[in-house]
Amino acid sequence: MKKHWYDYLWIFSLTYLVLGFFNILFAWLGLLCFFLPLLISLIKGTKGYCNRYCGRGQLFGLLGGRFGLSRKKDIPLWMKSKGFRYGFLVFFLTMFFLMLWNTYLVFAGAQDLKQVVTLLWTFKVPWQWAYHGTLFHEAIAQFAFGFYSVMLTSTVLGLITMILFKPRSWCVYCPMGTMTQLICKVKNR
Amino acid sequence: MCKIKKKRKAFVQQTDCVACGCCVKVCPLGAIQVVKGIMAEVNMEKCVGCGKCAKECPASVIEVREVEI
């Protein structure tokens with residue numbers, strides 16, 4: 001099948017993750033993976049982002065497919081149930097707003113900048129090597145640490161389910177995917 | 001004499017489909033599409049039941065069945 005330019009967006013996703021190890025401020029670029037799917041679903045009423053442009057999905061597809069790092073077993077029934085998918089979306093958004101709140105606290109001067117990346121919402125990994133100061137407010141860096149935590153956490157989860165089940169198992173419970181499908185359902189009712 | 005023909009076709013369990021579009025990418029005949037970002041739909045005219053989509057589907061909601069035509 002003919003390859004398109006957007007079939008190489010996995011390079012963008014991989015580069016993004018690598019850049020976060022060098023300078024945490026690059027984490028801001030990840031907002032693209034947040035706003036583009038929403039905009040496409042809101043404006044066009046499709047899941048065009050998932051279907052074509054999602055670099056993360058491509059990365060899992062590549063690692064699990066061509067590189068064979070996947071058992072290629074069926075995902076458990078509960079994981080594809082509406083309850084789990086919507087539940088995970090709510091949990092994910094709650095943690096996201098908590099992250100925004102922490103950013104605000106740093107902005108307001110009520111809290112110090114924490115140079116850590118929190119994995120799986122639990123494990124605080126020291127990440128000071130990727131922070132070289134910021135031209136603006138420290139809250140800009142706090143958001144970057146928080147956002148990178150979200151991106152790395154979801155990548156880790158995606159990799160685990162990639163290995164256990166099918167390569168793109170992450171797509172089944174991806175909060176962005178669930179959210180854009182919900183938007184499409186409402187919009188195309 | 002009338003002979004019953006059996007053909008293999010892909011069927012999507014649409015209530016559980018997440019509309020990720022993985023099936024669309026692997027279909028060699030372009031016989032499956034994601035409709036309005038909600039679910040995948042098979043074009044029965046084009047589908048030859050090769051099963052690539054079923055194998056790829058991360059939610060395993062595609063099944064290849066024999067149908068009588």
# chains A, B, ... in the order shown; residues from 1 in each chain; ligands from 1
call {"tool": "interface_residues", "arguments": {"of": "chain A", "to": "chain B", "cutoff": "7 Å", "atoms": "only C-alpha atoms", "output": "ChimeraX atom specification"}}
result
/A:45-47,50-51,74-75,80,166,168-169,171-172,181,184-185,188
call {"tool": "write_last_selection", "arguments": {"atoms": "N, CA, C and O atoms", "output": "CSV table (one decimal), in the first residue's frame"}}
result
chain,number,residue,atom,x,y,z
A,45,GLY,N,-16.1,16.4,12.6
A,45,GLY,CA,-17.0,15.3,13.0
A,45,GLY,C,-16.5,13.9,12.7
A,45,GLY,O,-17.3,13.0,12.5
A,46,THR,N,-15.1,13.8,12.6
A,46,THR,CA,-14.6,12.5,12.3
A,46,THR,C,-13.5,12.2,13.4
A,46,THR,O,-13.0,13.1,14.1
A,47,LYS,N,-13.0,10.9,13.3
A,47,LYS,CA,-11.9,10.6,14.2
A,47,LYS,C,-10.6,10.5,13.3
A,47,LYS,O,-9.8,9.7,13.4
A,50,CYS,N,-7.2,9.9,15.0
A,50,CYS,CA,-6.9,8.5,15.3
A,50,CYS,C,-6.6,7.7,14.0
A,50,CYS,O,-5.7,6.9,13.9
A,51,ASN,N,-7.5,7.9,13.0
A,51,ASN,CA,-7.5,7.1,11.8
A,51,ASN,C,-6.2,7.4,11.0
A,51,ASN,O,-5.8,6.5,10.3
A,74,ASP,N,-6.2,-11.3,22.4
A,74,ASP,CA,-7.4,-10.5,22.5
A,74,ASP,C,-7.3,-9.7,23.8
A,74,ASP,O,-6.9,-10.2,24.9
A,75,ILE,N,-7.8,-8.5,23.8
A,75,ILE,CA,-7.9,-7.6,25.0
A,75,ILE,C,-9.0,-8.2,25.8
A,75,ILE,O,-10.0,-8.7,25.3
A,80,LYS,N,-12.5,-3.3,27.1
A,80,LYS,CA,-13.2,-2.6,26.0
A,80,LYS,C,-14.6,-2.2,26.3
A,80,LYS,O,-15.3,-1.8,25.5
A,166,LYS,N,-2.9,-6.8,21.8
A,166,LYS,CA,-2.6,-6.4,20.4
A,166,LYS,C,-1.8,-5.1,20.4
A,166,LYS,O,-1.8,-4.3,21.3
A,168,ARG,N,-2.0,-2.2,19.1
A,168,ARG,CA,-2.6,-0.9,19.3
A,168,ARG,C,-3.7,-1.0,20.4
A,168,ARG,O,-4.7,-0.2,20.3
A,169,SER,N,-3.5,-1.8,21.4
A,169,SER,CA,-4.5,-2.0,22.4
A,169,SER,C,-4.8,-0.6,23.1
A,169,SER,O,-5.9,-0.4,23.6
A,171,CYS,N,-5.3,2.1,21.9
A,171,CYS,CA,-6.4,2.8,21.1
A,171,CYS,C,-7.8,2.5,21.7
A,171,CYS,O,-8.7,3.3,21.6
A,172,VAL,N,-7.9,1.3,22.3
A,172,VAL,CA,-9.2,0.9,22.8
A,172,VAL,C,-9.6,1.8,24.0
A,172,VAL,O,-10.8,2.1,24.1
A,181,GLN,N,-14.5,10.1,20.0
A,181,GLN,CA,-15.7,9.3,19.5
A,181,GLN,C,-17.0,9.8,20.1
A,181,GLN,O,-18.0,9.9,19.5
A,184,CYS,N,-18.0,12.9,18.2
A,184,CYS,CA,-18.5,12.5,16.9
A,184,CYS,C,-19.9,11.9,17.1
A,184,CYS,O,-20.8,12.2,16.3
A,185,LYS,N,-20.2,11.2,18.2
A,185,LYS,CA,-21.5,10.6,18.4
A,185,LYS,C,-22.5,11.7,18.6
A,185,LYS,O,-23.6,11.7,18.1
A,188,ASN,N,-22.8,13.9,15.2
A,188,ASN,CA,-23.5,13.2,14.1
A,188,ASN,C,-24.8,12.5,14.5
A,188,ASN,O,-25.2,11.6,13.8
call {"tool": "select_by_dssp", "arguments": {"residues": "chain A", "states": "strand (DSSP E)", "output": "number ranges by chain"}}
result
A: 116-119, 123-126
call {"tool": "residues_around", "arguments": {"residues": "Phe11 of chain B", "least_positions_apart": "4", "cutoff": "12 Å", "atoms": "only C-alpha atoms", "output": "CSV table (one decimal) with all heavy atoms, in the first residue's frame"}}
result
chain,number,residue,atom,x,y,z
B,15,THR,N,-21.3,-2.0,18.4
B,15,THR,CA,-21.4,-1.3,19.7
B,15,THR,C,-20.1,-1.2,20.4
B,15,THR,O,-20.0,-0.3,21.2
B,15,THR,CB,-22.5,-2.1,20.5
B,15,THR,OG1,-22.2,-3.5,20.5
B,15,THR,CG2,-23.9,-1.9,20.1
B,17,CYS,N,-17.1,-1.1,18.9
B,17,CYS,CA,-16.0,-0.5,18.0
B,17,CYS,C,-15.6,0.8,18.5
B,17,CYS,O,-16.4,1.6,18.9
B,17,CYS,CB,-16.5,-0.4,16.6
B,17,CYS,SG,-15.4,0.4,15.4
B,23,CYS,N,-8.3,-1.1,11.2
B,23,CYS,CA,-8.8,-2.1,10.1
B,23,CYS,C,-8.7,-1.4,8.8
B,23,CYS,O,-8.3,-2.1,7.8
B,23,CYS,CB,-10.2,-2.4,10.4
B,23,CYS,SG,-11.3,-1.0,10.8
B,31,ALA,N,-12.2,-2.0,1.7
B,31,ALA,CA,-13.6,-2.4,1.9
B,31,ALA,C,-14.2,-2.1,3.2
B,31,ALA,O,-15.3,-2.3,3.5
B,31,ALA,CB,-13.7,-3.9,1.7
B,32,ILE,N,-13.3,-1.4,4.1
B,32,ILE,CA,-13.8,-1.1,5.4
B,32,ILE,C,-13.5,0.4,5.7
B,32,ILE,O,-12.5,0.9,5.3
B,32,ILE,CB,-13.2,-2.0,6.5
B,32,ILE,CG1,-14.0,-1.9,7.8
B,32,ILE,CG2,-11.8,-1.8,6.7
B,32,ILE,CD1,-13.8,-3.1,8.8
B,39,MET,N,-18.0,4.3,14.2
B,39,MET,CA,-17.8,2.8,14.1
B,39,MET,C,-17.3,2.5,12.7
B,39,MET,O,-17.5,3.2,11.7
B,39,MET,CB,-19.0,2.1,14.4
B,39,MET,CG,-20.1,2.5,13.4
B,39,MET,SD,-21.7,1.7,13.7
B,39,MET,CE,-22.5,2.6,15.0
B,40,ALA,N,-16.7,1.3,12.6
B,40,ALA,CA,-16.3,0.8,11.3
B,40,ALA,C,-17.4,0.1,10.6
B,40,ALA,O,-18.3,-0.5,11.2
B,40,ALA,CB,-15.1,-0.1,11.4
B,41,GLU,N,-17.4,0.2,9.2
B,41,GLU,CA,-18.5,-0.4,8.5
B,41,GLU,C,-17.9,-1.1,7.3
B,41,GLU,O,-17.0,-0.6,6.6
B,41,GLU,CB,-19.5,0.6,8.0
B,41,GLU,CG,-20.9,0.1,7.9
B,41,GLU,CD,-21.9,1.3,7.7
B,41,GLU,OE1,-21.9,1.8,6.5
B,41,GLU,OE2,-22.5,1.7,8.6
B,42,VAL,N,-18.3,-2.4,7.0
B,42,VAL,CA,-17.8,-3.2,5.9
B,42,VAL,C,-18.6,-3.0,4.7
B,42,VAL,O,-19.8,-3.1,4.8
B,42,VAL,CB,-17.7,-4.7,6.4
B,42,VAL,CG1,-17.1,-5.5,5.2
B,42,VAL,CG2,-16.9,-4.8,7.6
B,43,ASN,N,-18.0,-2.8,3.6
B,43,ASN,CA,-18.7,-2.8,2.3
B,43,ASN,C,-18.7,-4.3,1.8
B,43,ASN,O,-17.7,-4.8,1.4
B,43,ASN,CB,-17.9,-1.9,1.3
B,43,ASN,CG,-18.6,-1.9,-0.1
B,43,ASN,OD1,-19.4,-2.7,-0.4
B,43,ASN,ND2,-18.2,-0.8,-0.8
B,44,MET,N,-19.9,-4.9,1.9
B,44,MET,CA,-20.0,-6.3,1.6
B,44,MET,C,-19.7,-6.7,0.2
B,44,MET,O,-19.3,-7.8,-0.1
B,44,MET,CB,-21.4,-6.8,2.0
B,44,MET,CG,-21.7,-6.8,3.5
B,44,MET,SD,-20.6,-8.0,4.3
B,44,MET,CE,-20.8,-7.5,6.0
B,47,CYS,N,-15.7,-6.7,0.3
B,47,CYS,CA,-15.0,-7.6,1.2
B,47,CYS,C,-14.9,-9.0,0.7
B,47,CYS,O,-15.9,-9.6,0.1
B,47,CYS,CB,-15.8,-7.6,2.5
B,47,CYS,SG,-15.1,-8.7,3.8
B,48,VAL,N,-13.7,-9.6,0.8
B,48,VAL,CA,-13.5,-11.0,0.4
B,48,VAL,C,-13.2,-11.9,1.6
B,48,VAL,O,-12.9,-13.0,1.5
B,48,VAL,CB,-12.3,-11.1,-0.6
B,48,VAL,CG1,-12.7,-10.4,-1.9
B,48,VAL,CG2,-11.0,-10.5,0.0
B,49,GLY,N,-13.4,-11.3,2.8
B,49,GLY,CA,-13.2,-12.1,4.0
B,49,GLY,C,-11.8,-12.6,4.3
B,49,GLY,O,-11.6,-13.7,4.8
B,50,CYS,N,-10.8,-11.8,4.0
B,50,CYS,CA,-9.4,-12.3,4.2
B,50,CYS,C,-9.0,-12.3,5.6
B,50,CYS,O,-8.1,-13.0,6.0
B,50,CYS,CB,-8.4,-11.4,3.4
B,50,CYS,SG,-8.3,-9.7,4.1
B,51,GLY,N,-9.7,-11.5,6.4
B,51,GLY,CA,-9.5,-11.5,7.9
B,51,GLY,C,-8.4,-10.7,8.4
B,51,GLY,O,-8.1,-10.7,9.6
B,53,CYS,N,-8.4,-7.4,8.8
B,53,CYS,CA,-8.9,-6.4,9.7
B,53,CYS,C,-9.2,-7.1,11.1
B,53,CYS,O,-8.9,-6.5,12.1
B,53,CYS,CB,-10.2,-5.8,9.1
B,53,CYS,SG,-11.4,-7.1,8.6
B,54,ALA,N,-9.7,-8.3,11.1
B,54,ALA,CA,-10.1,-9.0,12.3
B,54,ALA,C,-8.8,-9.2,13.1
B,54,ALA,O,-8.8,-9.1,14.4
B,54,ALA,CB,-10.8,-10.3,12.0
B,57,CYS,N,-7.6,-5.6,14.5
B,57,CYS,CA,-8.5,-4.9,15.4
B,57,CYS,C,-8.1,-5.0,16.9
B,57,CYS,O,-8.1,-6.1,17.4
B,57,CYS,CB,-9.9,-5.4,15.3
B,57,CYS,SG,-11.0,-4.6,16.4
B,60,SER,N,-10.6,-6.5,19.0
B,60,SER,CA,-11.1,-7.8,18.5
B,60,SER,C,-12.6,-7.8,18.4
B,60,SER,O,-13.3,-8.7,18.9
B,60,SER,CB,-10.6,-8.9,19.5
B,60,SER,OG,-9.2,-8.9,19.6
B,61,VAL,N,-13.1,-6.8,17.7
B,61,VAL,CA,-14.6,-6.8,17.5
B,61,VAL,C,-15.0,-7.1,16.1
B,61,VAL,O,-16.1,-6.9,15.7
B,61,VAL,CB,-15.2,-5.4,17.9
B,61,VAL,CG1,-15.1,-5.2,19.4
B,61,VAL,CG2,-14.6,-4.3,17.2
B,62,ILE,N,-14.0,-7.6,15.3
B,62,ILE,CA,-14.3,-8.0,13.9
B,62,ILE,C,-14.2,-9.5,13.8
B,62,ILE,O,-13.3,-10.1,14.3
B,62,ILE,CB,-13.4,-7.3,12.9
B,62,ILE,CG1,-13.4,-5.8,13.1
B,62,ILE,CG2,-13.9,-7.6,11.5
B,62,ILE,CD1,-12.5,-5.0,12.1
B,63,GLU,N,-15.2,-10.0,13.1
B,63,GLU,CA,-15.2,-11.5,13.0
B,63,GLU,C,-15.5,-11.8,11.5
B,63,GLU,O,-16.3,-11.2,10.9
B,63,GLU,CB,-16.4,-12.0,13.9
B,63,GLU,CG,-16.4,-13.5,14.2
B,63,GLU,CD,-17.7,-13.8,14.9
B,63,GLU,OE1,-18.7,-13.2,14.8
B,63,GLU,OE2,-17.6,-14.8,15.6
B,64,VAL,N,-14.8,-12.9,11.1
B,64,VAL,CA,-15.1,-13.3,9.7
B,64,VAL,C,-16.0,-14.5,9.7
B,64,VAL,O,-15.8,-15.5,10.4
B,64,VAL,CB,-13.8,-13.7,8.9
B,64,VAL,CG1,-14.1,-14.2,7.5
B,64,VAL,CG2,-12.9,-12.4,8.8
B,65,ARG,N,-17.2,-14.3,9.1
B,65,ARG,CA,-18.1,-15.4,9.1
B,65,ARG,C,-18.5,-15.8,7.6
B,65,ARG,O,-18.4,-15.1,6.7
B,65,ARG,CB,-19.4,-14.9,9.8
B,65,ARG,CG,-19.3,-14.8,11.2
B,65,ARG,CD,-20.7,-14.9,11.9
B,65,ARG,NE,-21.6,-13.8,11.5
B,65,ARG,CZ,-21.8,-12.7,12.2
B,65,ARG,NH1,-21.1,-12.5,13.4
B,65,ARG,NH2,-22.6,-11.7,11.8
B,66,GLU,N,-18.9,-17.1,7.5
B,66,GLU,CA,-19.4,-17.5,6.2
B,66,GLU,C,-20.8,-17.2,6.0
B,66,GLU,O,-21.6,-17.3,6.9
B,66,GLU,CB,-19.2,-19.1,6.1
B,66,GLU,CG,-17.8,-19.5,5.7
B,66,GLU,CD,-17.8,-20.9,5.2
B,66,GLU,OE1,-18.6,-21.7,5.6
B,66,GLU,OE2,-16.8,-21.3,4.5
B,67,VAL,N,-21.1,-16.6,4.9
B,67,VAL,CA,-22.5,-16.2,4.6
B,67,VAL,C,-23.0,-16.9,3.3
B,67,VAL,O,-22.2,-17.1,2.4
B,67,VAL,CB,-22.7,-14.7,4.5
B,67,VAL,CG1,-22.7,-14.1,5.9
B,67,VAL,CG2,-21.7,-14.1,3.6
call {"tool": "closest_residue", "arguments": {"among": "A:Leu182, A:Met1, A:Val116, A:Leu9", "to": "Cys54 of chain A", "atoms": "only C-alpha atoms"}}
result
A:Leu9
call {"tool": "atom_distance", "arguments": {"atom1": "atom CA of Glu68 of chain B", "atom2": "atom CA of Ala10 of chain B"}}
result
13.4 Å
call {"tool": "select_by_dssp", "arguments": {"residues": "chain A", "states": "helix (DSSP H, G or I)", "output": "MDAnalysis selection string"}}
result
chainID A and resid 5:8 10:19 24:44 48:53 55:66 77:80 82:107 128:130 138:164 170:173 175:187
call {"tool": "decode", "arguments": {"residues": "segment 11-39 of chain A", "atoms": "N, CA, C and O atoms", "output": "mmCIF file, in the first residue's frame"}}
result
data_model
loop_
_atom_site.group_PDB
_atom_site.id
_atom_site.type_symbol
_atom_site.label_atom_id
_atom_site.label_comp_id
_atom_site.auth_asym_id
_atom_site.auth_seq_id
_atom_site.Cartn_x
_atom_site.Cartn_y
_atom_site.Cartn_z
ATOM 1 N N ILE A 11 7.567 9.145 14.000
ATOM 2 C CA ILE A 11 8.878 9.761 14.243
ATOM 3 C C ILE A 11 8.711 10.974 15.151
ATOM 4 O O ILE A 11 9.488 11.202 16.068
ATOM 5 N N PHE A 12 7.622 11.715 14.914
ATOM 6 C CA PHE A 12 7.321 12.884 15.743
ATOM 7 C C PHE A 12 7.099 12.453 17.197
ATOM 8 O O PHE A 12 7.659 13.048 18.126
ATOM 9 N N SER A 13 6.316 11.393 17.378
ATOM 10 C CA SER A 13 6.013 10.910 18.732
ATOM 11 C C SER A 13 7.270 10.445 19.454
ATOM 12 O O SER A 13 7.462 10.729 20.638
ATOM 13 N N LEU A 14 8.110 9.734 18.723
ATOM 14 C CA LEU A 14 9.338 9.219 19.314
ATOM 15 C C LEU A 14 10.281 10.371 19.681
ATOM 16 O O LEU A 14 10.832 10.427 20.778
ATOM 17 N N THR A 15 10.415 11.318 18.751
ATOM 18 C CA THR A 15 11.271 12.479 18.994
ATOM 19 C C THR A 15 10.783 13.256 20.211
ATOM 20 O O THR A 15 11.570 13.698 21.046
ATOM 21 N N TYR A 16 9.462 13.385 20.307
ATOM 22 C CA TYR A 16 8.869 14.100 21.431
ATOM 23 C C TYR A 16 9.311 13.485 22.762
ATOM 24 O O TYR A 16 9.749 14.190 23.671
ATOM 25 N N LEU A 17 9.197 12.157 22.844
ATOM 26 C CA LEU A 17 9.561 11.471 24.090
ATOM 27 C C LEU A 17 11.052 11.643 24.394
ATOM 28 O O LEU A 17 11.443 11.836 25.536
ATOM 29 N N VAL A 18 11.873 11.595 23.353
ATOM 30 C CA VAL A 18 13.316 11.735 23.544
ATOM 31 C C VAL A 18 13.667 13.157 23.985
ATOM 32 O O VAL A 18 14.454 13.362 24.917
ATOM 33 N N LEU A 19 13.049 14.139 23.345
ATOM 34 C CA LEU A 19 13.343 15.540 23.669
ATOM 35 C C LEU A 19 13.074 15.854 25.142
ATOM 36 O O LEU A 19 13.779 16.656 25.753
ATOM 37 N N GLY A 20 12.076 15.191 25.693
ATOM 38 C CA GLY A 20 11.724 15.407 27.097
ATOM 39 C C GLY A 20 12.829 15.004 28.057
ATOM 40 O O GLY A 20 12.836 15.419 29.218
ATOM 41 N N PHE A 21 13.761 14.205 27.561
ATOM 42 C CA PHE A 21 14.896 13.813 28.390
ATOM 43 C C PHE A 21 15.989 14.885 28.378
ATOM 44 O O PHE A 21 16.867 14.892 29.218
ATOM 45 N N PHE A 22 15.915 15.775 27.390
ATOM 46 C CA PHE A 22 16.946 16.808 27.265
ATOM 47 C C PHE A 22 16.498 18.174 27.762
ATOM 48 O O PHE A 22 17.223 18.850 28.470
ATOM 49 N N ASN A 23 15.309 18.558 27.327
ATOM 50 C CA ASN A 23 14.761 19.800 27.841
ATOM 51 C C ASN A 23 13.260 19.649 28.004
ATOM 52 O O ASN A 23 12.531 19.453 27.036
ATOM 53 N N ILE A 24 12.848 19.734 29.264
ATOM 54 C CA ILE A 24 11.454 19.452 29.603
ATOM 55 C C ILE A 24 10.479 20.416 28.915
ATOM 56 O O ILE A 24 9.320 20.072 28.678
ATOM 57 N N LEU A 25 10.976 21.602 28.531
ATOM 58 C CA LEU A 25 10.060 22.586 27.933
ATOM 59 C C LEU A 25 9.464 22.105 26.599
ATOM 60 O O LEU A 25 8.425 22.588 26.171
ATOM 61 N N PHE A 26 10.139 21.139 25.970
ATOM 62 C CA PHE A 26 9.598 20.573 24.731
ATOM 63 C C PHE A 26 8.255 19.877 24.971
ATOM 64 O O PHE A 26 7.514 19.614 24.022
ATOM 65 N N ALA A 27 7.991 19.574 26.240
ATOM 66 C CA ALA A 27 6.736 18.891 26.575
ATOM 67 C C ALA A 27 5.522 19.668 26.070
ATOM 68 O O ALA A 27 4.480 19.088 25.788
ATOM 69 N N TRP A 28 5.685 20.984 25.972
ATOM 70 C CA TRP A 28 4.577 21.826 25.496
ATOM 71 C C TRP A 28 4.091 21.417 24.111
ATOM 72 O O TRP A 28 2.922 21.611 23.781
ATOM 73 N N LEU A 29 4.995 20.875 23.302
ATOM 74 C CA LEU A 29 4.612 20.439 21.952
ATOM 75 C C LEU A 29 3.509 19.384 21.986
ATOM 76 O O LEU A 29 2.738 19.240 21.042
ATOM 77 N N GLY A 30 3.471 18.652 23.116
ATOM 78 C CA GLY A 30 2.487 17.585 23.260
ATOM 79 C C GLY A 30 1.055 18.084 23.218
ATOM 80 O O GLY A 30 0.125 17.308 23.018
ATOM 81 N N LEU A 31 0.881 19.381 23.425
ATOM 82 C CA LEU A 31 -0.471 19.937 23.366
ATOM 83 C C LEU A 31 -1.107 19.716 21.994
ATOM 84 O O LEU A 31 -2.325 19.696 21.862
ATOM 85 N N LEU A 32 -0.235 19.551 20.985
ATOM 86 C CA LEU A 32 -0.740 19.265 19.633
ATOM 87 C C LEU A 32 -1.565 17.981 19.637
ATOM 88 O O LEU A 32 -2.621 17.909 19.003
ATOM 89 N N CYS A 33 -1.046 16.968 20.390
ATOM 90 C CA CYS A 33 -1.749 15.677 20.455
ATOM 91 C C CYS A 33 -3.032 15.785 21.251
ATOM 92 O O CYS A 33 -3.799 14.837 21.374
ATOM 93 N N PHE A 34 -3.213 16.929 21.869
ATOM 94 C CA PHE A 34 -4.386 17.134 22.685
ATOM 95 C C PHE A 34 -5.430 17.931 21.911
ATOM 96 O O PHE A 34 -6.598 17.572 21.856
ATOM 97 N N PHE A 35 -4.978 19.002 21.281
ATOM 98 C CA PHE A 35 -5.920 19.883 20.594
ATOM 99 C C PHE A 35 -6.299 19.418 19.195
ATOM 100 O O PHE A 35 -7.446 19.568 18.791
ATOM 101 N N LEU A 36 -5.336 18.847 18.458
ATOM 102 C CA LEU A 36 -5.661 18.423 17.087
ATOM 103 C C LEU A 36 -6.807 17.405 17.022
ATOM 104 O O LEU A 36 -7.740 17.603 16.250
ATOM 105 N N PRO A 37 -6.756 16.317 17.837
ATOM 106 C CA PRO A 37 -7.871 15.374 17.766
ATOM 107 C C PRO A 37 -9.206 16.025 18.097
ATOM 108 O O PRO A 37 -10.210 15.761 17.437
ATOM 109 N N LEU A 38 -9.178 16.899 19.115
ATOM 110 C CA LEU A 38 -10.419 17.559 19.519
ATOM 111 C C LEU A 38 -10.932 18.472 18.411
ATOM 112 O O LEU A 38 -12.121 18.468 18.081
ATOM 113 N N LEU A 39 -10.015 19.250 17.811
ATOM 114 C CA LEU A 39 -10.421 20.171 16.746
ATOM 115 C C LEU A 39 -10.980 19.413 15.542
ATOM 116 O O LEU A 39 -12.018 19.795 14.988
#
